[in-house]
Amino acid sequence: MEENNYDYVAVEQKWQDNWFEANINVARREKNKKFFIHFAYPGVSGYLHVGHMRGFTYCDVIARYKRMTGYDVLFPAGFHASGIPSVGFAKKVERQDPDTIRLLKQNGCTPECIKRLTDPIEVINYFSKVYVDDYWKRFGFFIDYTRLMNTISDGYKKFIQWQFHKLHDKKLLIQKPHYAPYCPNCGPVAVDKSETDVSQGGSAEILDFTVLKFTLNDGTILPAATLRPETIFGVTNMWVNPTVEYHTALVNSETWICSKECIQKLSYQYDHVKPLDKTIIGKDLIGKTCIVPETNREVPILAGVFADPSVATGIVMSVPAHAPYDWIALVESKENIEAIKIIDVKGFGNNPAKEACDQLGIKSQTETEKLNEATDLVYKKEFHTGVLNGKCGKYAGIKISEIKDTVKNDLIQRNLAATMKEFSEPVICRCKENVVIKQIPDQWFIKYSDAPLTQESKDYAATMNIYPPEYKDELPKILDWFGDRAAIRLGSWLGTEFPYKKDWIIEPISDSTLYPAYYVISSYVNQKKIAIPDMTDAFFDYVFLGIGSPKDKIWQTIKSDFDYWYPVDINLGGKEHKTVHFPVYIMNHVAIMPEQKRPQGIFVHWWVTQKGKEKISKSKGGAEPIVEAAVTYGVDAMRLYYLHIGSPFVDIEWDPETVLKYKNRIINIWRLVGQIALLKDGKQENLDNWLKSSLQRRIKKILTAFEALDLRVASNEIYFELQKDLQWYLKRGGANQKLLHHFVRSWIVLMTPITPHLAEEFWITQGQKQFVSNEPYPEFNSKDISEKDEVGEYLLNRVIDDTIEIMNVTKIAPKKICIYTSPAWKQKIFRKAIASAAGNNFNVGSLIKETLVDPAMKSLGQQVSQFVAKIAPEIKTYSEIDRARFMIPLDEKKHLSDAKTYLTDALHCPVEIYSADDADLNDPAKKIKFATPLRPAIYIE
RNA sequence: GCCCGGGUGGUGGAAUCAGGCAGACACAAGGGACUUAAAAUCCCUCGGAGGCAACUUCGUGCGGGUUCAAUUCCCGCCUCGGGCACCA
């Protein structure tokens with residue numbers, strides 16, 4: 001290896017080959033002290049990009065640190081294969097989606113390979129291999145690859161069925177109606193932002209409308225849908241669209257008039273909806289009247305062109321005092337109807353809707369943008385600060401924010417209203433059909449709302465190690481908020497069959513809650529030491545819960561493994577898991593696992609984004625493929641980048657130029673270490689002691705940081721501060737080969753968890769034969785601490801800084817520089833002052849008096865009082881570290897004199913060093929009086 | 001709407017948990033050294049204003065408050081982002 005030519009690609013490859021050949025990554029039980037860490041397993045349905053490697057890297061660094069500090073480390077990994085993503089990917093390949101095909105070709109996928117990927121199982125197999133070979137091994141991760149597993153394997157399915165049997169036993173599986181997106185052609189669909197199933201409307205929300213039953217004279221229901229049921233008290237009229245043909249239907253035993261679209265939608269949500277033949281054009285309804293439920297007032301039906309048949313029921317109730325749309329429509333209708341104000345709210349008068357319209361200058365129903373703004377304004381204000389007034393019967397005096405659901409539930413209970421679910425925007429299936437919301441009357445849920453389970457989970461979470469701490473505060477709130485989760489789904493997706501309903505499949509969040517436990521078993525499954533049929537409920541009961549007796553010797557072996565490794569010490573995942581995966585992970589463990597097997601810690605990391613905080617994506621150009629990036633930057637540079645560029649708890653912006661800087665830094669460290677060997681050996685006691693001491697300080701800080709999983713601080717100390725220390729030492733003329741050798745050896749070991757390839761390569765240059773990855777991590781050695789020399793170098797630095805500052809301000813080109821350290825009497829007073837400041841009883845007057853008791857001081861009278869007055873405000877601001885520094889006895893003159901050569905070099909000018917106590921002084925400019933401890937006076941000639 | 005997290009130099013971001021020198025560490029920029037040149041490397045400057053001696057002064061989204069002391073704590077705003085349940 002050439003000194004200036006660090007071929008990282010070859011180095012990385014070499015060490016990965018060596019490591020994995022030696023099975024260094026396989027978890028072993030040796031030290032009777034274990035650490036179990038894993039990352040939330042990724043879905044396997046596409047290539048990953050550089051952003052994904054961030055969390056994986058954190059995990060590997062922590063695992064490597066732990067194994068070097070005396071732990072048996074279990075760091076397994078697996079693949080989340082259940083759900084629809086792989087099915088979606090296979091579908092794309094099948095329909096020859098151009099982007100997908102291009103992507104596969106770019107990544108070296110052959111035509112035969114592409115053909116195979118029309119099968120979701122092949123998609124999973126293909127990407128599982130890519131992740132392992134091209135990503136994880138390529139990054140040098142010490143994952144125990146003998147335990148790889150996925151969530152659709154036969155063994156895993158047995159495990160999940162056991163889990164659901166347990167949930168059922170504990171009465172945590174319940175049935176109740178559920179509403180889910182549904183395509184009349186394709187069945188259940190997922191509405192999500194990635195739009196796997198749908199071609200439009202991926203970010204739609206499901207809105208919960210209240211349908212109020214207004215009645216016509218003949219008893220027919222005119223259903224109006226609203227999100228504000230409490231405004232029923234302010235209804236003055238109805239709006240129907242005069243040009244729309246309304247349909248009728250028998251809903252339960254009532255006849256409803258509403259839009260055709262509404263009947264279609266309701267037929268999926270209600271049990272008994274029977275369309276009738278009778279239709280009626282909107283204009284024929286106009287002029288009729290209907291009865292308002294609850295208040296029983298009679299109100300007219302008017303023409304409103306904005307009533308959209310595709311939204312909710314197609315019929316709108318009018319509350320002109322509180323809805324800007326209604327107000328403007330009423331004005332335009334020229335009807336003589338008075339608005340009814342039912343909400344008192346600060347900042348508005350008798351008609352909030354009118355006032356908001358006037359404020360924005362709205363004149364017509366067609367000004368939808370402004371009308372939306374006005375609606376928003378009125379609604380927000382009323383929701384937060386509004387109170388129902390005397391016109392609202394028994395609800396009078398109650399805040400809007402508290403009453404909404406009460407009114408709704410009361411009306412429903414008295415059959416005056418119903419509910420209707422509706423998307424906030426149109427959702428179109430891939431097959432072009434409109435997606436509807438379908439009721440599933442007896443959906444199975446996991447009962448996360450269960451009060452004892454929630455409470456126990458909150459109590460338990462409070463005892464966990466959670467990074468960042470903010471998330472720990474958030475968790476109880478999330479656990480409270482977390483409601484029942486629909487756990488199964490009918491349709492074409494992968495997963496475990498639900499044991500209590502044939503053909504239904506357990507959904508992918510619910511099958512990923514206890515899975516780290518399965519890593520203990522997957523090792524034996526992969527080695528075929530246990531057969532799938534033997535993995536019965538009794539087996540899992542025995543291994544996990546200690547119930548029953550072993551049917552086989554292997555059961556005992558597995559149980560002993562489980563008892564050794566479990567629980568998980570750190571589960572690491574991205575911030576997207578905060579509100580979904582981690583809560584169910586905790587709750588399922590609390591529900592099913594014994595207390596001593598519950599998770600110990602969670603580490604949440606944020607994302608890698610593109611410039612401008614956008615989520616990284618291929619289309620926006622930020623998604624550098626991992627394999628190419630590894631070649632461009634080097635794996636160690638990327639690992640260091642992830643650790644150092646920002647705290648784990650902020651989003652970082654991917655910036656190729658910055659990554660290149662880290663690459664250069666690695667190469668620079670390589671060169672720097674290479675140069676050391678060429679130095680001519682030499683000793684300088686002060687300086688050598690300083691380097692030794694400094695190294696120990698760094699080690700202490702690094703260990704503290706790693707223990708707190710503060711990876712950023714650890715990496716900063718290792719790659720920046722230690723390098724700075726070494727450079728300072730060399731610049732100062734340090735050349736103690738034995739010491740340098742010790743320093744470099746320690747440095748290499750310190751680097752190992754973060755840049756392991758570089759470290760291994762360094763290690764052999766030090767004549768070592770074993771893996772540095774197996775070395776013990778350095779420990780703090782207090783014997784090497786030399787406070788005197790630390791303070792000495794601090795003093796030296798300060799003198800140089802001050803001198804340069806003076807030269808800059810005065811623009812003097814120096815011929816000679818004189819440095820005067822402070823007299824002994826000043827040092828004495830200073831220490832005394834510091835001591836009393838530390839004891840919190842610092843007082844200028846008493847200090848002067850006490851000092852002057854000493855006859856030697858008395859002769860200096862004036863000077864003493866001036867000095868004390870001057871240092872007083874300064875001393876008050878000192879931190880503990882600052883104060884400690886002044887208490888260390890140091891011969892300032894001697895330390896500076898020892899460094900005279902360096903001072904002369906650094907300041908490019910001859911330097912003379914005096915103590916103010918010296919008999920023979922050269923002080924032409926009378927600068928000496930400025931000298932204070934650790935702050936010598938300086939005179940520039 | 002509900003829950004949560006942010007707002008600090010030209011930039012990414014430290015310090016916020018526990019009030020105590022704001023801007024660590026880096027990037028970019030400018031100046032200098034070295035070099036035939038470039039790259040790399042090294043040195044210096046780098047929030048604003050002022051300053052010819054070891055400084056002064058203003059400054060952490062806005063408005064108040066507590067305190068000897070507030071980026072940090074409290075109250076009220078503005079604003080950006082995330083999550084919200086069948087995507088994982």
# chains A, B, ... in the order shown; residues from 1 in each chain; ligands from 1

$ residues_around --residues "A:Ser45" --least-positions-apart "3" --cutoff "9 Å" --atoms "only C-alpha atoms (C1' of nucleotides)" --output "list in words"
Ala81, Pro85, Ser86, Val87, Gly88, Phe89, Ala90, Pro120, Val123, Ile124, Phe127 and Ser128 of chain A

$ interface_residues --of "chain A" --to "chain B" --cutoff "8 Å" --atoms "only C-alpha atoms (C1' of nucleotides)" --output "ChimeraX atom specification"
/A:43,180-181,189-194,469,474,477-478,481-483,485-486,489,507-509,576,579-580,645-646,652-653,658,716,720,802-803,805-806,809-811,877,879,937-938

$ atom_distance --atom1 "atom CA of A:Thr765" --atom2 "atom CA of A:Val673"
10.0 Å

$ closest_residue --among "A:Leu494, A:Leu660, A:Val235, A:Ala591" --to "A:Leu167" --atoms "only C-alpha atoms"
A:Ala591

$ residues_around --residues "stretch 897-906 of chain A" --least-positions-apart "4" --cutoff "12 Å" --atoms "only C-alpha atoms (C1' of nucleotides)" --output "ChimeraX atom specification"
/A:684-687,728-734,789,792-793,795-801,803-804,814-821,891-893,910-915 /B:43

$ write_last_selection --atoms "C-alpha atoms (C1' of nucleotides)" --output "PDB file, in the first residue's frame"
ATOM      1  CA  GLN A 684      10.087  16.892  25.307  1.00  0.00           C
ATOM      2  CA  GLU A 685       8.806  16.136  28.750  1.00  0.00           C
ATOM      3  CA  ASN A 686       6.074  18.777  29.038  1.00  0.00           C
ATOM      4  CA  LEU A 687       4.749  18.198  25.583  1.00  0.00           C
ATOM      5  CA  TRP A 728      -0.637  20.183  17.638  1.00  0.00           C
ATOM      6  CA  TYR A 729       1.869  17.771  19.101  1.00  0.00           C
ATOM      7  CA  LEU A 730       3.735  17.453  15.831  1.00  0.00           C
ATOM      8  CA  LYS A 731       3.600  21.167  15.187  1.00  0.00           C
ATOM      9  CA  ARG A 732       5.051  21.790  18.606  1.00  0.00           C
ATOM     10  CA  GLY A 733       7.951  19.573  17.588  1.00  0.00           C
ATOM     11  CA  GLY A 734       6.857  16.447  19.426  1.00  0.00           C
ATOM     12  CA  ASP A 789       0.983  20.134  31.304  1.00  0.00           C
ATOM     13  CA  GLY A 792       0.757  24.696  30.297  1.00  0.00           C
ATOM     14  CA  GLU A 793      -0.364  24.086  26.734  1.00  0.00           C
ATOM     15  CA  LEU A 795      -1.289  28.962  28.523  1.00  0.00           C
ATOM     16  CA  LEU A 796       0.910  28.653  25.472  1.00  0.00           C
ATOM     17  CA  ASN A 797      -2.100  28.727  23.164  1.00  0.00           C
ATOM     18  CA  ARG A 798      -3.506  31.729  24.888  1.00  0.00           C
ATOM     19  CA  VAL A 799      -0.268  33.640  24.637  1.00  0.00           C
ATOM     20  CA  ILE A 800      -0.109  32.970  20.911  1.00  0.00           C
ATOM     21  CA  ASP A 801      -3.751  33.946  20.383  1.00  0.00           C
ATOM     22  CA  THR A 803      -0.144  38.080  20.528  1.00  0.00           C
ATOM     23  CA  ILE A 804      -1.708  37.523  17.120  1.00  0.00           C
ATOM     24  CA  PRO A 814       7.212  42.756  15.315  1.00  0.00           C
ATOM     25  CA  LYS A 815      10.984  42.883  15.696  1.00  0.00           C
ATOM     26  CA  LYS A 816      10.881  41.315  19.128  1.00  0.00           C
ATOM     27  CA  ILE A 817       8.215  40.037  21.495  1.00  0.00           C
ATOM     28  CA  CYS A 818       8.496  40.145  25.279  1.00  0.00           C
ATOM     29  CA  ILE A 819       6.249  38.003  27.445  1.00  0.00           C
ATOM     30  CA  TYR A 820       5.865  38.698  31.182  1.00  0.00           C
ATOM     31  CA  THR A 821       4.200  36.164  33.429  1.00  0.00           C
ATOM     32  CA  ASP A 891       5.619  27.520  36.651  1.00  0.00           C
ATOM     33  CA  GLU A 892       4.414  29.654  33.782  1.00  0.00           C
ATOM     34  CA  LYS A 893       7.796  31.085  32.950  1.00  0.00           C
ATOM     35  CA  PRO A 910      12.487  36.420  18.513  1.00  0.00           C
ATOM     36  CA  VAL A 911      10.734  35.970  21.846  1.00  0.00           C
ATOM     37  CA  GLU A 912      11.918  36.847  25.356  1.00  0.00           C
ATOM     38  CA  ILE A 913      10.230  35.430  28.405  1.00  0.00           C
ATOM     39  CA  TYR A 914      10.310  37.071  31.825  1.00  0.00           C
ATOM     40  CA  SER A 915       8.544  36.670  35.092  1.00  0.00           C
TER      41      SER A 915
ATOM     42  C1'   C B  43      -1.523  28.937   8.090  1.00  0.00           C
TER      43        C B  43
END

$ residues_around --residues "stretch 362-365 of chain A" --least-positions-apart "3" --cutoff "7 Å" --atoms "only C-alpha atoms (C1' of nucleotides)" --output "short mmCIF file (atom, residue, chain, number, x, y, z; two decimals) with N, CA and C atoms, in the first residue's frame"
data_model
loop_
_atom_site.label_atom_id
_atom_site.label_comp_id
_atom_site.auth_asym_id
_atom_site.auth_seq_id
_atom_site.Cartn_x
_atom_site.Cartn_y
_atom_site.Cartn_z
N TYR A 325 -70.15 29.83 2.84
CA TYR A 325 -70.79 29.37 1.59
C TYR A 325 -72.30 29.59 1.66
N ILE A 328 -73.32 33.39 1.51
CA ILE A 328 -73.26 34.00 0.18
C ILE A 328 -74.37 33.45 -0.71
N ALA A 329 -74.62 32.15 -0.60
CA ALA A 329 -75.67 31.55 -1.41
C ALA A 329 -77.02 32.17 -1.04
N CYS A 357 -67.01 37.00 5.23
CA CYS A 357 -67.16 37.26 3.79
C CYS A 357 -66.87 38.73 3.48
N ASP A 358 -67.41 39.61 4.32
CA ASP A 358 -67.18 41.04 4.10
C ASP A 358 -65.69 41.36 4.18
N THR A 368 -64.47 30.35 -4.84
CA THR A 368 -64.28 29.22 -3.93
C THR A 368 -63.01 29.35 -3.09
N LYS A 370 -61.49 32.03 -1.90
CA LYS A 370 -61.71 32.93 -0.77
C LYS A 370 -62.72 32.34 0.21
#

$ select_by_dssp --residues "stretch 66-108 of chain A" --states "alpha helix (DSSP H)" --output "ChimeraX atom specification"
/A:66-68,85-94,98-106

$ write_last_selection --atoms "N, CA, C and O atoms" --output "short mmCIF file (atom, residue, chain, number, x, y, z; two decimals), in the first residue's frame"
data_model
loop_
_atom_site.label_atom_id
_atom_site.label_comp_id
_atom_site.auth_asym_id
_atom_site.auth_seq_id
_atom_site.Cartn_x
_atom_site.Cartn_y
_atom_site.Cartn_z
N LYS A 66 -20.01 -2.39 21.31
CA LYS A 66 -20.37 -3.29 22.42
C LYS A 66 -19.49 -4.54 22.41
O LYS A 66 -19.08 -5.01 23.47
N ARG A 67 -19.22 -5.06 21.23
CA ARG A 67 -18.42 -6.30 21.21
C ARG A 67 -16.98 -6.00 21.63
O ARG A 67 -16.30 -6.87 22.18
N MET A 68 -16.53 -4.78 21.45
CA MET A 68 -15.17 -4.43 21.87
C MET A 68 -15.11 -4.05 23.35
O MET A 68 -14.03 -3.87 23.90
N PRO A 85 -46.33 -4.58 -0.76
CA PRO A 85 -45.28 -3.98 -1.60
C PRO A 85 -44.67 -4.94 -2.62
O PRO A 85 -44.50 -4.56 -3.78
N SER A 86 -44.37 -6.14 -2.21
CA SER A 86 -43.74 -7.05 -3.18
C SER A 86 -44.75 -7.47 -4.25
O SER A 86 -44.40 -7.66 -5.41
N VAL A 87 -46.00 -7.59 -3.85
CA VAL A 87 -47.04 -7.90 -4.82
C VAL A 87 -47.14 -6.75 -5.83
O VAL A 87 -47.21 -6.96 -7.04
N GLY A 88 -47.12 -5.53 -5.30
CA GLY A 88 -47.18 -4.36 -6.17
C GLY A 88 -46.01 -4.32 -7.13
O GLY A 88 -46.17 -4.01 -8.32
N PHE A 89 -44.82 -4.65 -6.60
CA PHE A 89 -43.64 -4.62 -7.45
C PHE A 89 -43.76 -5.67 -8.57
O PHE A 89 -43.50 -5.38 -9.74
N ALA A 90 -44.20 -6.86 -8.19
CA ALA A 90 -44.35 -7.93 -9.19
C ALA A 90 -45.37 -7.53 -10.26
O ALA A 90 -45.18 -7.79 -11.45
N LYS A 91 -46.43 -6.85 -9.81
CA LYS A 91 -47.44 -6.39 -10.77
C LYS A 91 -46.84 -5.40 -11.77
O LYS A 91 -47.14 -5.42 -12.96
N LYS A 92 -45.99 -4.52 -11.23
CA LYS A 92 -45.36 -3.53 -12.11
C LYS A 92 -44.49 -4.22 -13.15
O LYS A 92 -44.47 -3.84 -14.31
N VAL A 93 -43.74 -5.22 -12.71
CA VAL A 93 -42.89 -5.95 -13.65
C VAL A 93 -43.78 -6.65 -14.69
O VAL A 93 -43.49 -6.63 -15.88
N GLU A 94 -44.86 -7.21 -14.21
CA GLU A 94 -45.76 -7.93 -15.10
C GLU A 94 -46.34 -7.02 -16.18
O GLU A 94 -46.41 -7.38 -17.34
N PRO A 98 -42.37 0.88 -17.43
CA PRO A 98 -41.05 1.26 -17.98
C PRO A 98 -40.04 1.66 -16.92
O PRO A 98 -38.87 1.27 -16.99
N ASP A 99 -40.48 2.43 -15.91
CA ASP A 99 -39.54 2.86 -14.86
C ASP A 99 -38.96 1.67 -14.12
O ASP A 99 -37.75 1.62 -13.84
N THR A 100 -39.84 0.74 -13.80
CA THR A 100 -39.40 -0.43 -13.04
C THR A 100 -38.41 -1.26 -13.85
O THR A 100 -37.36 -1.69 -13.34
N ILE A 101 -38.74 -1.48 -15.10
CA ILE A 101 -37.86 -2.29 -15.96
C ILE A 101 -36.50 -1.61 -16.12
O ILE A 101 -35.45 -2.25 -16.02
N ARG A 102 -36.53 -0.30 -16.31
CA ARG A 102 -35.28 0.44 -16.49
C ARG A 102 -34.42 0.31 -15.24
O ARG A 102 -33.22 0.05 -15.29
N LEU A 103 -35.06 0.49 -14.10
CA LEU A 103 -34.35 0.41 -12.83
C LEU A 103 -33.68 -0.96 -12.66
O LEU A 103 -32.51 -1.05 -12.27
N LEU A 104 -34.42 -2.00 -12.98
CA LEU A 104 -33.87 -3.35 -12.85
C LEU A 104 -32.68 -3.54 -13.78
O LEU A 104 -31.64 -4.09 -13.38
N LYS A 105 -32.82 -3.06 -14.99
CA LYS A 105 -31.72 -3.21 -15.96
C LYS A 105 -30.48 -2.46 -15.49
O LYS A 105 -29.37 -2.97 -15.57
N GLN A 106 -30.72 -1.23 -15.00
CA GLN A 106 -29.59 -0.43 -14.51
C GLN A 106 -28.83 -1.15 -13.42
O GLN A 106 -27.63 -0.98 -13.27
#

$ residues_around --residues "A:Arg64" --least-positions-apart "2" --cutoff "8 Å" --atoms "only C-alpha atoms (C1' of nucleotides)" --output "short mmCIF file (atom, residue, chain, number, x, y, z; two decimals) with N, CA, C and O atoms, in the first residue's frame"
data_model
loop_
_atom_site.label_atom_id
_atom_site.label_comp_id
_atom_site.auth_asym_id
_atom_site.auth_seq_id
_atom_site.Cartn_x
_atom_site.Cartn_y
_atom_site.Cartn_z
N ASP A 60 -24.74 -0.91 13.40
CA ASP A 60 -23.47 -1.65 13.32
C ASP A 60 -22.41 -1.02 14.21
O ASP A 60 -21.63 -1.72 14.86
N VAL A 61 -22.38 0.31 14.26
CA VAL A 61 -21.38 0.98 15.08
C VAL A 61 -21.60 0.64 16.55
O VAL A 61 -20.66 0.32 17.27
N ILE A 62 -22.85 0.69 16.97
CA ILE A 62 -23.15 0.36 18.37
C ILE A 62 -22.78 -1.11 18.65
O ILE A 62 -22.16 -1.43 19.67
N LYS A 66 -20.01 -2.39 21.31
CA LYS A 66 -20.37 -3.29 22.42
C LYS A 66 -19.49 -4.54 22.41
O LYS A 66 -19.08 -5.01 23.47
N ARG A 67 -19.22 -5.06 21.23
CA ARG A 67 -18.42 -6.30 21.21
C ARG A 67 -16.98 -6.00 21.63
O ARG A 67 -16.30 -6.87 22.18
N MET A 68 -16.53 -4.78 21.45
CA MET A 68 -15.17 -4.43 21.87
C MET A 68 -15.11 -4.05 23.35
O MET A 68 -14.03 -3.87 23.90
N PHE A 142 -21.52 -6.28 10.92
CA PHE A 142 -21.35 -7.54 11.64
C PHE A 142 -22.72 -8.12 12.01
O PHE A 142 -22.98 -8.45 13.17
N THR A 752 -12.14 1.84 15.32
CA THR A 752 -12.63 0.59 14.74
C THR A 752 -14.15 0.48 14.59
O THR A 752 -14.62 0.06 13.55
N PRO A 753 -14.96 0.86 15.60
CA PRO A 753 -16.40 0.69 15.40
C PRO A 753 -16.95 1.53 14.24
O PRO A 753 -17.94 1.15 13.63
N SER A 773 -10.80 -5.56 15.07
CA SER A 773 -12.22 -5.64 15.45
C SER A 773 -12.42 -6.51 16.69
O SER A 773 -13.44 -6.41 17.36
#

$ atom_distance --atom1 "atom CA of A:Ala249" --atom2 "atom CA of A:Glu422"
18.8 Å

$ decode --residues "stretch 703-727 of chain A" --atoms "C-alpha atoms" --output "compact mmCIF listing (two decimals), in the first residue's frame"
# COMPACT_ATOMS: atom_id res chain seq x y z
CA LEU A 703 -16.43 6.23 26.36
CA THR A 704 -18.98 8.47 28.03
CA ALA A 705 -20.41 9.40 24.65
CA PHE A 706 -20.63 5.82 23.44
CA GLU A 707 -22.26 4.67 26.66
CA ALA A 708 -24.92 7.35 26.13
CA LEU A 709 -25.10 6.29 22.46
CA ASP A 710 -24.07 9.81 21.57
CA LEU A 711 -22.45 8.68 18.36
CA ARG A 712 -21.86 12.14 17.05
CA VAL A 713 -19.77 13.28 19.96
CA ALA A 714 -17.84 10.02 19.90
CA SER A 715 -17.03 10.37 16.21
CA ASN A 716 -16.11 14.01 16.62
CA GLU A 717 -13.62 13.21 19.35
CA ILE A 718 -12.09 10.35 17.40
CA TYR A 719 -11.78 11.84 13.95
CA PHE A 720 -11.45 15.54 14.68
CA GLU A 721 -10.26 16.25 18.18
CA LEU A 722 -7.71 13.46 18.34
CA GLN A 723 -6.37 14.43 14.96
CA LYS A 724 -6.12 18.01 16.14
CA ASP A 725 -4.23 16.90 19.24
CA LEU A 726 -1.80 14.91 17.18
CA GLN A 727 -1.26 17.79 14.78
